[in-house]
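Data block for my_file05.txt (compact mmCIF, C-alpha atoms):
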```txt
# COMPACT_ATOMS: atom_id res chain seq x y z
CA MET A 1 -23.75 -2.65 -11.93
CA PRO A 2 -22.03 -0.82 -14.79
CA ALA A 3 -24.41 0.57 -17.39
CA PRO A 4 -24.74 -1.30 -20.73
CA ASN A 5 -22.72 1.43 -22.46
CA ALA A 6 -19.81 1.15 -20.00
CA HIS A 7 -17.39 0.12 -22.75
CA SER A 8 -18.35 3.00 -25.03
CA ALA A 9 -18.00 5.36 -22.06
CA MET A 10 -14.52 3.95 -21.49
CA LEU A 11 -13.61 4.79 -25.09
CA ARG A 12 -14.68 8.38 -24.53
CA THR A 13 -12.42 8.69 -21.49
CA ILE A 14 -8.71 9.32 -21.97
CA PHE A 15 -6.64 7.69 -19.25
CA GLY A 16 -3.05 6.67 -18.72
CA PHE A 17 -1.32 3.85 -16.89
CA GLU A 18 2.35 3.63 -15.96
CA MET A 19 4.51 0.99 -14.29
CA PRO A 20 8.15 1.49 -15.23
CA THR A 21 9.38 -1.03 -12.64
CA ARG A 22 10.37 -4.42 -14.02
CA LEU A 23 8.81 -7.19 -11.94
CA LEU A 24 10.09 -10.66 -11.07
CA PHE A 25 7.44 -12.59 -9.16
CA GLY A 26 7.25 -16.09 -7.71
CA GLN A 27 8.43 -18.51 -5.09
CA GLY A 28 12.24 -18.51 -5.16
CA ALA A 29 12.45 -15.31 -7.22
CA VAL A 30 15.18 -13.92 -4.91
CA GLU A 31 17.49 -16.59 -6.32
CA ASN A 32 17.61 -14.54 -9.53
CA LEU A 33 19.27 -11.56 -7.83
CA GLY A 34 22.80 -12.71 -8.60
CA PHE A 35 21.98 -13.10 -12.28
CA GLU A 36 20.39 -9.64 -12.32
CA CYS A 37 23.56 -8.16 -10.85
CA SER A 38 25.64 -9.86 -13.53
CA LEU A 39 23.23 -8.83 -16.28
CA ASN A 40 23.34 -5.18 -15.23
CA GLY A 41 27.03 -5.01 -14.34
CA TRP A 42 26.39 -4.24 -10.67
CA ALA A 43 29.61 -5.00 -8.77
CA SER A 44 28.79 -3.23 -5.49
CA ALA A 45 25.63 -2.77 -3.46
CA LEU A 46 24.13 -1.30 -0.31
CA ILE A 47 21.41 -3.39 1.33
CA VAL A 48 18.92 -1.08 3.07
CA THR A 49 16.85 -2.78 5.76
CA ASP A 50 15.77 -2.52 9.39
CA ALA A 51 17.01 -4.27 12.50
CA GLY A 52 13.97 -6.57 12.71
CA VAL A 53 14.22 -7.81 9.13
CA HIS A 54 17.95 -8.38 9.54
CA ALA A 55 17.49 -10.22 12.87
CA ALA A 56 14.85 -12.44 11.25
CA GLY A 57 17.45 -13.61 8.74
CA LEU A 58 15.65 -12.18 5.73
CA THR A 59 18.74 -10.49 4.33
CA GLN A 60 20.60 -13.82 4.27
CA PRO A 61 19.26 -15.08 0.91
CA VAL A 62 20.02 -11.66 -0.59
CA GLU A 63 23.54 -11.65 0.84
CA ALA A 64 24.08 -15.21 -0.40
CA GLN A 65 23.21 -14.15 -3.94
CA LEU A 66 25.59 -11.20 -3.80
CA GLN A 67 28.38 -13.33 -2.34
CA ALA A 68 27.96 -16.01 -5.00
CA GLN A 69 28.20 -13.36 -7.71
CA GLY A 70 31.20 -11.64 -6.10
CA VAL A 71 29.29 -8.40 -5.50
CA ARG A 72 30.80 -6.23 -2.76
CA TYR A 73 28.15 -5.03 -0.37
CA SER A 74 27.44 -3.44 2.99
CA LEU A 75 24.36 -3.34 5.18
CA TYR A 76 22.41 -0.39 6.52
CA THR A 77 20.00 -1.56 9.25
CA GLY A 78 18.98 1.83 10.62
CA VAL A 79 15.55 2.21 8.98
CA VAL A 80 12.80 2.92 11.52
CA PRO A 81 9.01 2.59 11.23
CA ASN A 82 7.48 5.74 9.74
CA PRO A 83 11.03 6.66 8.62
CA THR A 84 12.46 9.91 9.87
CA ILE A 85 14.64 12.37 7.99
CA GLU A 86 17.59 11.38 10.18
CA SER A 87 17.23 7.65 9.57
CA ILE A 88 17.14 8.22 5.82
CA GLU A 89 19.98 10.69 5.55
CA SER A 90 22.26 8.57 7.77
CA ALA A 91 22.45 5.96 5.01
CA VAL A 92 23.38 8.30 2.18
CA PRO A 93 27.19 8.25 2.69
CA ASP A 94 27.21 4.45 2.44
CA ALA A 95 25.14 4.61 -0.75
CA GLN A 96 27.19 7.17 -2.65
CA ALA A 97 29.71 4.93 -4.36
CA VAL A 98 27.77 1.70 -4.91
CA ASP A 99 26.29 0.50 -8.20
CA VAL A 100 22.90 -0.47 -6.79
CA VAL A 101 20.79 0.05 -3.66
CA ILE A 102 18.77 -3.01 -2.62
CA ALA A 103 15.80 -2.52 -0.29
CA VAL A 104 14.88 -5.60 1.76
CA GLY A 105 11.88 -4.98 3.99
CA GLY A 106 8.41 -3.50 4.22
CA GLY A 107 7.06 -0.12 3.20
CA SER A 108 9.26 1.90 5.53
CA VAL A 109 12.40 0.25 4.17
CA MET A 110 11.38 0.64 0.52
CA ASP A 111 10.31 4.28 0.99
CA SER A 112 13.61 5.00 2.74
CA ALA A 113 15.58 3.34 -0.04
CA LYS A 114 13.78 5.41 -2.68
CA LEU A 115 14.76 8.64 -0.95
CA ILE A 116 18.30 7.44 -0.24
CA ASN A 117 18.59 6.64 -3.94
CA ALA A 118 17.27 10.05 -5.00
CA ILE A 119 19.71 11.88 -2.73
CA ARG A 120 22.71 9.78 -3.76
CA THR A 121 21.85 10.50 -7.39
CA HIS A 122 20.88 14.17 -7.30
CA GLY A 123 22.21 15.45 -3.96
CA GLY A 124 20.37 17.62 -1.47
CA ARG A 125 18.45 16.69 1.67
CA VAL A 126 15.22 14.78 2.29
CA ARG A 127 13.15 17.96 2.74
CA ASP A 128 14.26 19.17 -0.69
CA TYR A 129 12.18 16.43 -2.29
CA GLU A 130 8.89 16.95 -0.46
CA GLY A 131 6.00 17.33 -2.89
CA THR A 132 5.28 16.28 -6.48
CA ASP A 133 7.75 15.94 -9.37
CA THR A 134 10.64 17.09 -7.20
CA VAL A 135 13.11 14.47 -8.45
CA PRO A 136 14.64 16.15 -11.52
CA ALA A 137 15.74 13.13 -13.57
CA PRO A 138 16.13 9.33 -13.46
CA CYS A 139 17.92 7.88 -10.43
CA LYS A 140 20.65 5.30 -10.11
CA PRO A 141 19.63 1.61 -9.93
CA LEU A 142 17.32 0.53 -7.10
CA VAL A 143 16.01 -2.99 -6.40
CA ALA A 144 13.05 -3.56 -4.07
CA ILE A 145 12.50 -6.90 -2.32
CA PRO A 146 9.41 -6.72 -0.07
CA THR A 147 9.16 -8.78 3.10
CA THR A 148 5.52 -7.85 3.73
CA ALA A 149 2.41 -8.05 1.53
CA GLY A 150 0.87 -4.63 1.91
CA THR A 151 2.40 -1.40 0.73
CA GLY A 152 3.04 -2.20 -2.92
CA SER A 153 5.93 0.27 -2.64
CA GLU A 154 8.02 -2.02 -4.83
CA VAL A 155 6.12 -0.74 -7.90
CA THR A 156 5.09 2.80 -6.94
CA PHE A 157 6.40 6.32 -7.54
CA ILE A 158 5.67 7.36 -3.96
CA ALA A 159 7.72 7.59 -0.76
CA MET A 160 6.70 8.88 2.65
CA PHE A 161 8.90 10.30 5.38
CA THR A 162 8.04 11.61 8.83
CA ASP A 163 8.90 15.10 9.99
CA ALA A 164 9.42 14.28 13.66
CA GLY A 165 9.25 17.93 14.67
CA LYS A 166 5.83 18.40 13.09
CA ARG A 167 4.73 14.80 13.85
CA GLN A 168 3.55 14.72 10.26
CA LYS A 169 4.01 12.26 7.39
CA MET A 170 5.24 13.99 4.24
CA PRO A 171 4.96 12.69 0.66
CA VAL A 172 7.40 12.59 -2.23
CA LEU A 173 5.88 11.74 -5.61
CA SER A 174 7.94 11.27 -8.75
CA ARG A 175 8.05 8.62 -11.44
CA HIS A 176 11.85 8.71 -11.01
CA LEU A 177 11.46 7.18 -7.53
CA ALA A 178 10.14 3.89 -8.92
CA PRO A 179 12.52 0.96 -8.38
CA HIS A 180 14.23 -0.32 -11.49
CA LEU A 181 13.50 -3.91 -10.43
CA ALA A 182 11.07 -5.46 -7.95
CA ILE A 183 11.66 -9.03 -6.82
CA VAL A 184 8.51 -10.29 -5.11
CA ASP A 185 9.11 -13.67 -3.52
CA PRO A 186 6.37 -15.08 -1.22
CA GLU A 187 9.06 -16.96 0.70
CA MET A 188 10.27 -13.61 2.05
CA THR A 189 6.90 -13.16 3.81
CA ARG A 190 6.47 -16.72 5.10
CA ASN A 191 7.38 -15.95 8.73
CA LEU A 192 5.73 -12.54 9.01
CA PRO A 193 3.85 -12.53 12.36
CA PRO A 194 0.04 -12.71 12.27
CA ASP A 195 -0.54 -9.15 13.47
CA ALA A 196 1.82 -7.68 10.87
CA THR A 197 0.29 -9.93 8.21
CA ALA A 198 -3.19 -8.63 9.06
CA GLN A 199 -2.14 -4.98 9.21
CA THR A 200 -0.22 -4.99 5.94
CA GLY A 201 -3.05 -6.92 4.29
CA LEU A 202 -5.49 -4.15 5.21
CA ASP A 203 -3.06 -1.60 3.78
CA ALA A 204 -3.26 -3.46 0.45
CA LEU A 205 -7.06 -3.67 0.69
CA THR A 206 -7.25 0.08 1.34
CA HIS A 207 -5.11 0.72 -1.74
CA ALA A 208 -7.41 -1.42 -3.87
CA ILE A 209 -10.70 0.01 -2.60
CA GLU A 210 -9.56 3.61 -2.82
CA ALA A 211 -8.17 3.00 -6.32
CA ILE A 212 -11.67 2.01 -7.44
CA VAL A 213 -13.67 4.85 -5.86
CA ASP A 214 -11.27 7.78 -6.23
CA LEU A 215 -11.45 10.53 -8.85
CA GLN A 216 -8.65 9.14 -11.04
CA ALA A 217 -9.99 5.56 -11.22
CA ASN A 218 -9.63 4.06 -14.69
CA PRO A 219 -10.41 0.72 -16.34
CA PHE A 220 -6.82 -0.53 -16.08
CA SER A 221 -6.49 0.25 -12.37
CA ASP A 222 -10.00 -1.16 -11.80
CA MET A 223 -8.97 -4.50 -13.27
CA LEU A 224 -6.00 -4.79 -10.93
CA ALA A 225 -7.82 -3.44 -7.88
CA PHE A 226 -10.84 -5.74 -8.14
CA GLU A 227 -8.57 -8.76 -8.45
CA ALA A 228 -6.57 -7.59 -5.43
CA ILE A 229 -9.80 -7.30 -3.39
CA ARG A 230 -10.82 -10.83 -4.37
CA LEU A 231 -7.45 -12.26 -3.40
CA ILE A 232 -7.22 -10.40 -0.10
CA THR A 233 -10.74 -11.37 0.96
CA ARG A 234 -10.06 -15.02 0.22
CA TYR A 235 -6.47 -15.43 1.32
CA LEU A 236 -5.71 -12.93 4.10
CA PRO A 237 -7.45 -15.00 6.79
CA ARG A 238 -5.46 -18.04 5.69
CA ALA A 239 -2.17 -16.10 5.69
CA VAL A 240 -2.90 -14.83 9.22
CA ALA A 241 -3.95 -18.25 10.52
CA ASP A 242 -1.17 -20.37 9.03
CA GLY A 243 1.20 -18.18 7.06
CA GLY A 244 4.25 -20.24 7.93
CA GLU A 245 2.88 -23.28 6.10
CA ASP A 246 0.32 -21.89 3.65
CA ILE A 247 2.58 -20.65 0.88
CA GLU A 248 -0.41 -20.47 -1.50
CA ALA A 249 -1.96 -17.83 0.74
CA ARG A 250 1.36 -16.00 1.04
CA GLY A 251 1.75 -16.00 -2.72
CA ALA A 252 -1.77 -14.71 -3.29
CA MET A 253 -1.26 -11.91 -0.77
CA ALA A 254 2.12 -10.95 -2.26
CA PHE A 255 0.53 -10.73 -5.70
CA ALA A 256 -2.47 -8.80 -4.36
CA ALA A 257 -0.26 -6.24 -2.65
CA THR A 258 1.81 -5.68 -5.80
CA ILE A 259 -1.14 -5.25 -8.16
CA ALA A 260 -2.97 -3.04 -5.65
CA GLY A 261 0.17 -0.91 -5.54
CA ALA A 262 0.24 -0.67 -9.33
CA ALA A 263 -3.47 0.28 -9.29
CA PHE A 264 -3.30 3.09 -6.76
CA ASN A 265 -0.03 4.34 -8.21
CA ASN A 266 -2.11 5.42 -11.20
CA SER A 267 -5.49 6.23 -9.63
CA MET A 268 -4.18 7.47 -6.27
CA VAL A 269 -5.68 7.02 -2.79
CA GLY A 270 -8.12 9.18 -0.86
CA LEU A 271 -9.70 9.99 2.48
CA ALA A 272 -8.77 6.75 4.24
CA HIS A 273 -5.11 7.37 3.54
CA ALA A 274 -5.33 11.02 4.54
CA LEU A 275 -6.75 9.91 7.90
CA ALA A 276 -4.22 7.09 8.22
CA HIS A 277 -1.27 9.37 7.51
CA ALA A 278 -2.50 11.76 10.19
CA LEU A 279 -2.86 8.97 12.76
CA GLY A 280 0.51 7.44 11.91
CA GLY A 281 2.30 10.77 12.05
CA LEU A 282 0.84 11.88 15.37
CA TYR A 283 0.90 8.57 17.25
CA ASN A 284 3.71 6.72 15.41
CA LEU A 285 1.44 3.74 14.74
CA PRO A 286 1.99 1.15 11.97
CA HIS A 287 0.62 2.40 8.66
CA GLY A 288 -1.37 -0.77 8.00
CA LEU A 289 -3.11 -0.51 11.37
CA CYS A 290 -3.99 3.12 10.67
CA CYS A 291 -5.42 2.15 7.28
CA ALA A 292 -7.53 -0.57 8.90
CA LEU A 293 -8.94 1.89 11.42
CA ALA A 294 -9.69 4.52 8.76
CA LEU A 295 -10.95 2.40 5.85
CA PRO A 296 -14.52 1.49 6.92
CA VAL A 297 -15.14 5.00 8.24
CA ALA A 298 -13.97 6.58 4.98
CA MET A 299 -15.97 4.07 2.94
CA HIS A 300 -19.14 4.96 4.82
CA PHE A 301 -18.49 8.66 4.25
CA ASN A 302 -18.05 8.13 0.49
CA LEU A 303 -20.94 5.68 0.14
CA GLU A 304 -23.55 7.89 -1.50
CA SER A 305 -21.12 9.42 -3.98
CA ARG A 306 -19.92 6.04 -5.25
CA ARG A 307 -22.84 3.69 -4.52
CA GLU A 308 -22.47 1.57 -7.67
CA ARG A 309 -18.75 1.21 -7.13
CA PHE A 310 -19.25 0.02 -3.56
CA GLU A 311 -21.93 -2.43 -4.73
CA GLU A 312 -19.33 -3.91 -7.09
CA ILE A 313 -16.78 -4.13 -4.28
CA ALA A 314 -19.33 -5.83 -2.03
CA GLN A 315 -20.10 -8.36 -4.76
CA VAL A 316 -16.44 -9.27 -5.28
CA MET A 317 -15.89 -9.60 -1.52
CA GLY A 318 -19.11 -11.59 -1.14
CA TYR A 319 -18.27 -14.18 -3.77
CA ALA A 320 -14.67 -14.47 -2.58
CA HIS A 321 -15.75 -14.84 1.06
CA VAL A 322 -17.92 -17.88 0.35
CA GLN A 323 -15.06 -19.51 -1.59
CA SER A 324 -17.09 -19.57 -4.81
CA GLU A 325 -15.35 -21.48 -7.58
CA VAL A 326 -15.98 -18.51 -9.86
CA VAL A 327 -15.58 -14.97 -8.64
CA PRO A 328 -16.72 -12.86 -11.62
CA MET A 329 -15.73 -9.28 -12.05
CA PRO A 330 -18.47 -6.61 -11.99
CA GLY A 331 -20.59 -6.61 -15.13
CA ALA A 332 -19.68 -10.18 -16.03
CA VAL A 333 -22.20 -12.62 -17.49
CA VAL A 334 -22.69 -15.66 -15.25
CA GLN A 335 -24.67 -18.80 -16.19
CA GLY A 336 -26.41 -17.10 -19.10
CA GLY A 337 -27.41 -13.94 -17.27
CA VAL A 338 -25.90 -10.81 -15.83
CA TRP A 339 -24.31 -11.36 -12.44
CA ASP A 340 -27.05 -11.01 -9.83
CA LYS A 341 -27.13 -7.86 -7.73
CA THR A 342 -27.22 -9.62 -4.35
CA PHE A 343 -25.06 -7.17 -2.43
CA THR A 344 -25.62 -3.55 -1.47
CA ALA A 345 -23.12 -0.72 -1.12
CA GLU A 346 -23.51 -0.94 2.66
CA ASP A 347 -22.44 -4.59 2.45
CA ALA A 348 -19.00 -3.42 1.29
CA VAL A 349 -18.43 -1.61 4.60
CA LEU A 350 -19.85 -4.57 6.52
CA ARG A 351 -17.60 -7.05 4.76
CA VAL A 352 -14.51 -4.97 5.44
CA ARG A 353 -15.41 -4.88 9.14
CA GLN A 354 -16.05 -8.63 9.09
CA LEU A 355 -12.66 -9.26 7.50
CA MET A 356 -10.95 -7.05 10.09
CA SER A 357 -12.62 -8.99 12.90
CA GLU A 358 -11.70 -12.31 11.29
CA VAL A 359 -7.99 -11.41 11.21
CA GLY A 360 -7.97 -9.90 14.70
CA LEU A 361 -7.69 -6.20 13.91
CA PRO A 362 -9.12 -3.58 16.29
CA ALA A 363 -12.00 -1.34 15.31
CA HIS A 364 -10.96 1.80 17.22
CA LEU A 365 -7.90 3.58 18.58
CA ILE A 366 -9.12 3.02 22.12
CA ASP A 367 -8.70 -0.73 21.49
CA VAL A 368 -4.94 -0.24 21.13
CA GLY A 369 -4.66 2.03 24.15
CA VAL A 370 -4.69 5.37 22.33
CA GLU A 371 -7.00 8.03 23.77
CA VAL A 372 -7.64 11.03 21.55
CA SER A 373 -7.81 14.34 23.39
CA GLU A 374 -9.68 17.37 22.05
CA SER A 375 -6.32 18.96 21.30
CA ASP A 376 -5.25 15.85 19.38
CA LEU A 377 -8.54 15.90 17.51
CA GLU A 378 -7.82 19.39 16.23
CA THR A 379 -4.28 18.43 15.24
CA LEU A 380 -5.49 15.28 13.46
CA ALA A 381 -8.06 17.30 11.55
CA ASP A 382 -5.34 19.74 10.46
CA LEU A 383 -3.08 16.89 9.32
CA THR A 384 -5.89 15.11 7.46
CA LEU A 385 -7.00 18.19 5.57
CA ALA A 386 -3.38 19.06 4.69
CA ASP A 387 -2.70 15.59 3.26
CA GLY A 388 -2.51 15.44 -0.53
CA SER A 389 -4.43 12.15 -0.69
CA ILE A 390 -7.65 13.94 0.17
CA LEU A 391 -7.57 15.79 -3.14
CA PHE A 392 -8.44 12.55 -4.97
CA ASN A 393 -11.35 11.60 -2.73
CA PRO A 394 -14.74 11.67 -4.49
CA VAL A 395 -16.16 13.98 -1.78
CA SER A 396 -14.37 16.90 -0.15
CA PRO A 397 -15.10 16.73 3.59
CA THR A 398 -15.48 19.78 5.78
CA ARG A 399 -13.39 20.20 8.89
CA GLU A 400 -16.35 19.24 11.10
CA GLN A 401 -16.95 16.12 9.03
CA VAL A 402 -13.30 15.12 9.38
CA LYS A 403 -13.49 15.60 13.14
CA ASP A 404 -16.62 13.46 13.26
CA LEU A 405 -14.87 10.70 11.31
CA LEU A 406 -11.92 10.89 13.68
CA ARG A 407 -14.24 10.55 16.67
CA HIS A 408 -15.60 7.33 15.16
CA ILE A 409 -12.06 6.06 14.63
CA ALA A 410 -11.06 7.02 18.18
CA THR A 411 -13.72 5.20 20.15
CA TYR A 412 -17.17 3.65 20.17
CA THR A 413 -19.76 6.32 19.40
CA GLU A 414 -23.45 6.39 18.63
```

Would you write the structure of this file as structure tokens?
Amino acid sequence: MPAPNAHSAMLRTIFGFEMPTRLLFGQGAVENLGFECSLNGWASALIVTDAGVHAAGLTQPVEAQLQAQGVRYSLYTGVVPNPTIESIESAVPDAQAVDVVIAVGGGSVMDSAKLINAIRTHGGRVRDYEGTDTVPAPCKPLVAIPTTAGTGSEVTFIAMFTDAGKRQKMPVLSRHLAPHLAIVDPEMTRNLPPDATAQTGLDALTHAIEAIVDLQANPFSDMLAFEAIRLITRYLPRAVADGGEDIEARGAMAFAATIAGAAFNNSMVGLAHALAHALGGLYNLPHGLCCALALPVAMHFNLESRRERFEEIAQVMGYAHVQSEVVPMPGAVVQGGVWDKTFTAEDAVLRVRQLMSEVGLPAHLIDVGVEVSESDLETLADLTLADGSILFNPVSPTREQVKDLLRHIATYTE
């Protein structure tokens, strides 16, 4: 539990929090797109999406809004999972002359749209923007409309692309990448399949947990991250089981993903994401699945360095799991006394594994047919240690420790 002087300690700590993206949230929020176009004077648009989202009919409500407002538009459906340089740059010519780029899709689509928008504004190639603060100035208008509840990319400064030659995921970080407007409508996620719902939900959970335990955690990001953990624990199983009908669960997950994104956008992520980026780059696996595989292993590694933080996480997940009417935040006073310390730090890892099992996610790479060779192990260790996320982890792992963690992710070990 936080010490009694936690608030005075907070006052002695200088921290910042930024979310320049304007947010429209709620069931039916997409129906405001036409008005937003009129309000901002946007007369032409490029919709950036992928073939699956387009085939599922999820661009239709967006197109209907543009048509009703008389906005000229075209579609780019060439985004691929773990977006490549080629798939991003192919869209740039179509984006050059339009007033606004509109991303309709999951994390890969929104990351692609951010980079398309940066290039159409400032020129250059994708590789020119690799790294931190590489976007020189504000970009042209970008709207993000997520169709998954996971990445939180609709409110972040971050975009990832894959260097296919290196089989490595590369980051671009700049506050100028942030969308001008995010429209988060739970209806857009209603028909997301159960496996994708589970995977993207674990991505959001990883964002929230790492936001709390990482080096740049702050009281503002804590507030958002703890609430995201509560919502995900309570509502992800419902969204997986009956997402087509349970719009309450879809709404809770959409909100959780967005606020977890806002949290980690300020406190950053850590070891779990470094491992997940390595796995996704080498094996071209969905990012949410990679996060699910890496999260409990990374949590266990960080346990001793952040024991109190993990106790707090376990408490929030414990109360949420039993559907308690009141799920107090850490340090709260409940029924006349300080919230009881029922849960241990180890319980946080256990509850994450229980949640993964409940929503049908695998525990190891071998469960999805991926066998990690010794050569792959060395490559994965290189990629993990080269990933910028690891800089914000509370403990700096050695190469041998990283390899040991990867062995636990790969298969069942003692």

Residue contacts of A:Pro362 (12 Å, only C-alpha atoms) excluding same-chain residues fewer than 3 positions away, as a ChimeraX atom specification: /A:195,198-199,202,288-294,296,353-359,365-370,409-412

Selected residue, from A:Gln67, A:Thr77, A:Asn218, A:Asn117, that lies nearest to A:Ala55 when counting all atoms listed in the file: A:Thr77

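Polymer residues near (9.4, 0.7, 11.2): counting only C-alpha atoms with a cut-off of 9 Å, they are Asp50, Gly52, Val79, Val80, Pro81, Asn82, Pro83, Gly106, Gly107, Ser108, Val109 and Pro286 of chain A.
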
Would you kindly return, as number ranges by chain, each protein, DNA or RNA residue with an atom no farther than 9 Å from any atom of stretch 142-146 of chain A, considering only C-alpha atoms and excluding same-chain residues fewer than 6 positions away? A: 30, 100-107, 109-110, 113-114, 117, 152-155, 177-186, 188-189, 254

Identify the residues within 8 Å of coordinate (23.4, 4.2, 3.1) (same frame as the file), considering all atoms listed in the file, and give the answer as a ChimeraX atom specification. /A:46,48,75-76,88-96,116

Given the choices A:Phe157, A:Phe392, A:Phe255, A:Tyr129, which gets closest to A:Ala211 if the distance is worked out from all atoms listed in the file? A:Phe392

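Taking atom CA of A:Val402 and atom CA of A:Glu371 as the two end points, the separation is 17.2 Å.
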
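Once A:Thr344 and its same-chain neighbours fewer than 3 positions away are set aside, Arg307, Glu308, Phe310, Glu311, Glu312, Ile313, Ala314, Gln315, Lys341, Asp347, Ala348, Val349 and Leu350 of chain A remain within 10 Å of it when counting all atoms listed in the file.
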
Please complete stretch 229-235 of chain A so it has all heavy atoms, and hand it over as an mmCIF file, in the frame of the given file.
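Final output, saved to selection.cif:
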```
data_model
loop_
_atom_site.group_PDB
_atom_site.id
_atom_site.type_symbol
_atom_site.label_atom_id
_atom_site.label_comp_id
_atom_site.auth_asym_id
_atom_site.auth_seq_id
_atom_site.Cartn_x
_atom_site.Cartn_y
_atom_site.Cartn_z
ATOM 1 N N ILE A 229 -8.753 -7.152 -4.409
ATOM 2 C CA ILE A 229 -9.800 -7.300 -3.390
ATOM 3 C C ILE A 229 -10.226 -8.751 -3.265
ATOM 4 O O ILE A 229 -10.395 -9.290 -2.156
ATOM 5 C CB ILE A 229 -11.000 -6.393 -3.711
ATOM 6 C CG1 ILE A 229 -10.611 -4.919 -3.548
ATOM 7 C CG2 ILE A 229 -12.204 -6.728 -2.823
ATOM 8 C CD1 ILE A 229 -11.639 -3.948 -4.091
ATOM 9 N N ARG A 230 -10.430 -9.413 -4.403
ATOM 10 C CA ARG A 230 -10.820 -10.830 -4.370
ATOM 11 C C ARG A 230 -9.775 -11.674 -3.650
ATOM 12 O O ARG A 230 -10.101 -12.491 -2.774
ATOM 13 C CB ARG A 230 -11.004 -11.347 -5.803
ATOM 14 C CG ARG A 230 -11.450 -12.801 -5.869
ATOM 15 C CD ARG A 230 -11.442 -13.322 -7.300
ATOM 16 N NE ARG A 230 -10.086 -13.563 -7.782
ATOM 17 C CZ ARG A 230 -9.415 -14.701 -7.574
ATOM 18 N NH1 ARG A 230 -9.953 -15.680 -6.856
ATOM 19 N NH2 ARG A 230 -8.207 -14.863 -8.061
ATOM 20 N N LEU A 231 -8.518 -11.470 -4.001
ATOM 21 C CA LEU A 231 -7.450 -12.260 -3.400
ATOM 22 C C LEU A 231 -7.313 -12.000 -1.907
ATOM 23 O O LEU A 231 -7.142 -12.930 -1.104
ATOM 24 C CB LEU A 231 -6.129 -11.982 -4.113
ATOM 25 C CG LEU A 231 -6.020 -12.472 -5.561
ATOM 26 C CD1 LEU A 231 -4.764 -11.912 -6.216
ATOM 27 C CD2 LEU A 231 -6.011 -13.991 -5.608
ATOM 28 N N ILE A 232 -7.381 -10.747 -1.515
ATOM 29 C CA ILE A 232 -7.220 -10.400 -0.100
ATOM 30 C C ILE A 232 -8.365 -10.972 0.733
ATOM 31 O O ILE A 232 -8.144 -11.539 1.813
ATOM 32 C CB ILE A 232 -7.117 -8.870 0.070
ATOM 33 C CG1 ILE A 232 -5.832 -8.351 -0.572
ATOM 34 C CG2 ILE A 232 -7.153 -8.482 1.556
ATOM 35 C CD1 ILE A 232 -5.813 -6.856 -0.806
ATOM 36 N N THR A 233 -9.586 -10.835 0.227
ATOM 37 C CA THR A 233 -10.740 -11.370 0.960
ATOM 38 C C THR A 233 -10.601 -12.871 1.170
ATOM 39 O O THR A 233 -10.898 -13.399 2.249
ATOM 40 C CB THR A 233 -12.042 -11.078 0.196
ATOM 41 O OG1 THR A 233 -12.147 -9.675 -0.036
ATOM 42 C CG2 THR A 233 -13.253 -11.543 0.983
ATOM 43 N N ARG A 234 -10.140 -13.564 0.159
ATOM 44 C CA ARG A 234 -10.060 -15.020 0.220
ATOM 45 C C ARG A 234 -8.839 -15.510 0.981
ATOM 46 O O ARG A 234 -8.927 -16.496 1.732
ATOM 47 C CB ARG A 234 -10.059 -15.609 -1.191
ATOM 48 C CG ARG A 234 -9.910 -17.125 -1.223
ATOM 49 C CD ARG A 234 -10.211 -17.694 -2.593
ATOM 50 N NE ARG A 234 -11.639 -17.614 -2.890
ATOM 51 C CZ ARG A 234 -12.193 -18.168 -3.977
ATOM 52 N NH1 ARG A 234 -11.455 -18.807 -4.856
ATOM 53 N NH2 ARG A 234 -13.484 -18.065 -4.180
ATOM 54 N N TYR A 235 -7.719 -14.851 0.834
ATOM 55 C CA TYR A 235 -6.470 -15.430 1.320
ATOM 56 C C TYR A 235 -5.884 -14.770 2.572
ATOM 57 O O TYR A 235 -5.045 -15.380 3.235
ATOM 58 C CB TYR A 235 -5.414 -15.413 0.211
ATOM 59 C CG TYR A 235 -5.693 -16.417 -0.876
ATOM 60 C CD1 TYR A 235 -6.250 -16.018 -2.083
ATOM 61 C CD2 TYR A 235 -5.424 -17.772 -0.682
ATOM 62 C CE1 TYR A 235 -6.519 -16.940 -3.088
ATOM 63 C CE2 TYR A 235 -5.680 -18.707 -1.678
ATOM 64 C CZ TYR A 235 -6.237 -18.284 -2.878
ATOM 65 O OH TYR A 235 -6.502 -19.205 -3.857
#
```
